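Notes follow once the structure below has been shown.
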Amino acid sequence: MTAIAADAGPQWVNDLMDALGAPGAGLAIALENLFPPLPSEVILPLAGFAASSGRMSLLAVLLWTTAGSVIGALALYGIGALLGRDRTVAMAARLPLVKVSDIERTEAWFLRHGTKAVFFGRMIPIFRSLISVPAGVERMRLPVFLGLTTLGSALWNTAFVLAGYLLGANWHQVTDMVSAYSKVVLIVAALAVAAFIGVRLLRRPARGAGNCATSHNEPAHARPPHPPSS
């Protein structure tokens, strides 16, 4: 197979696809699930470009990249299942500004909306990998998890692979557009975390002040009587 041009994307991805073909693209996507900073937004359109150049079959690219997504997600699901709820709660409870009640609310939310979170989470940068862990912790039924992961990943991967296939040598345009989308997602997530921390910090002194006010304004009849003077 003709080597993919070295300047057409990350060299390690080029090497994998040059050595293994479509399975190499699938392996790269599996690694991207385990290490979210690896850019699927680069890997997928690059694989589409390689298919448009005749270096591999388009159908094989779609199948292997979807398989890679599922395998990577399944590994993270296994990590969540091994940790289990009790360990996860114990670890999270040690984090500053995190309460067990927050974890319980998150757990209740996931139990109500977990299927939607797993499906749509596949289309959100960073979160599409991380969402597999709570699914494992909550022991979402494996056939349901696999079905939602396969469908969501297939839609995401197909969109990017086809974009790279149709754009050919201009596949970089896909990465440029998605990088803006990823930045917006990360900014929103950062603001949400900042708001959470801000609320937690503001509540702490308010509680202390409330306790002080209660002690100062305590009715006389509720206070213990003074001992009689001798």
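Identifiers in this document derive from the order of the structure tokens: chains are assigned A, B, ..., residues are numbered from 1 separately in each chain, and ligands are numbered from 1 in order of occurrence.
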ask   = What's the 7 Å shell around Gly136 in chain A, counting only C-alpha atoms, without same-chain residues fewer than 3 positions away, as a PyMOL selection string?
value = chain A and resi 77-78+80-81+132-133+139-140
inquiry  = Could you tell me how far CA of Leu59 in chain A sits from CA of Leu155 in chain A, in Å to one decimal place?
reply    =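 Taking CA of Leu155 in chain A as the start and CA of Leu59 in chain A as the end point, the length is 13.7 Å.
The gap separating CA of Asp15 in chain A from CA of Leu151 in chain A is 28.2 Å, in Å to one decimal.
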key: Close residues, Leu31 in chain A itself excluded, 12 Å, only C-alpha atoms, min 4 positions apart in chain, as a ChimeraX atom specification   = /A:12-13,16,24-27,35-40,43,65,67-76,129
request  = Find the residues near Ala51 in chain A: any atom within 12 Å, counting only C-alpha atoms, skip ones fewer than 4 places away on the same chain, and give them as a VMD selection string.
outcome  = chain A and resid 1 to 2 4 17 to 18 21 to 22 25 44 to 47 55 to 62 161 to 169 171
inquiry  = So that I can check the surroundings of Arg85 in chain A, please list as a list in words every protein, DNA and RNA residue that reaches within 9 Å of it, counting only C-alpha atoms and ignoring chain neighbours fewer than 3 positions away.
reply    =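 The contact residues come out as Gly80, Ala81, Thr88, Val89, Ala90, Pro134, Val137 and Glu138 of chain A.
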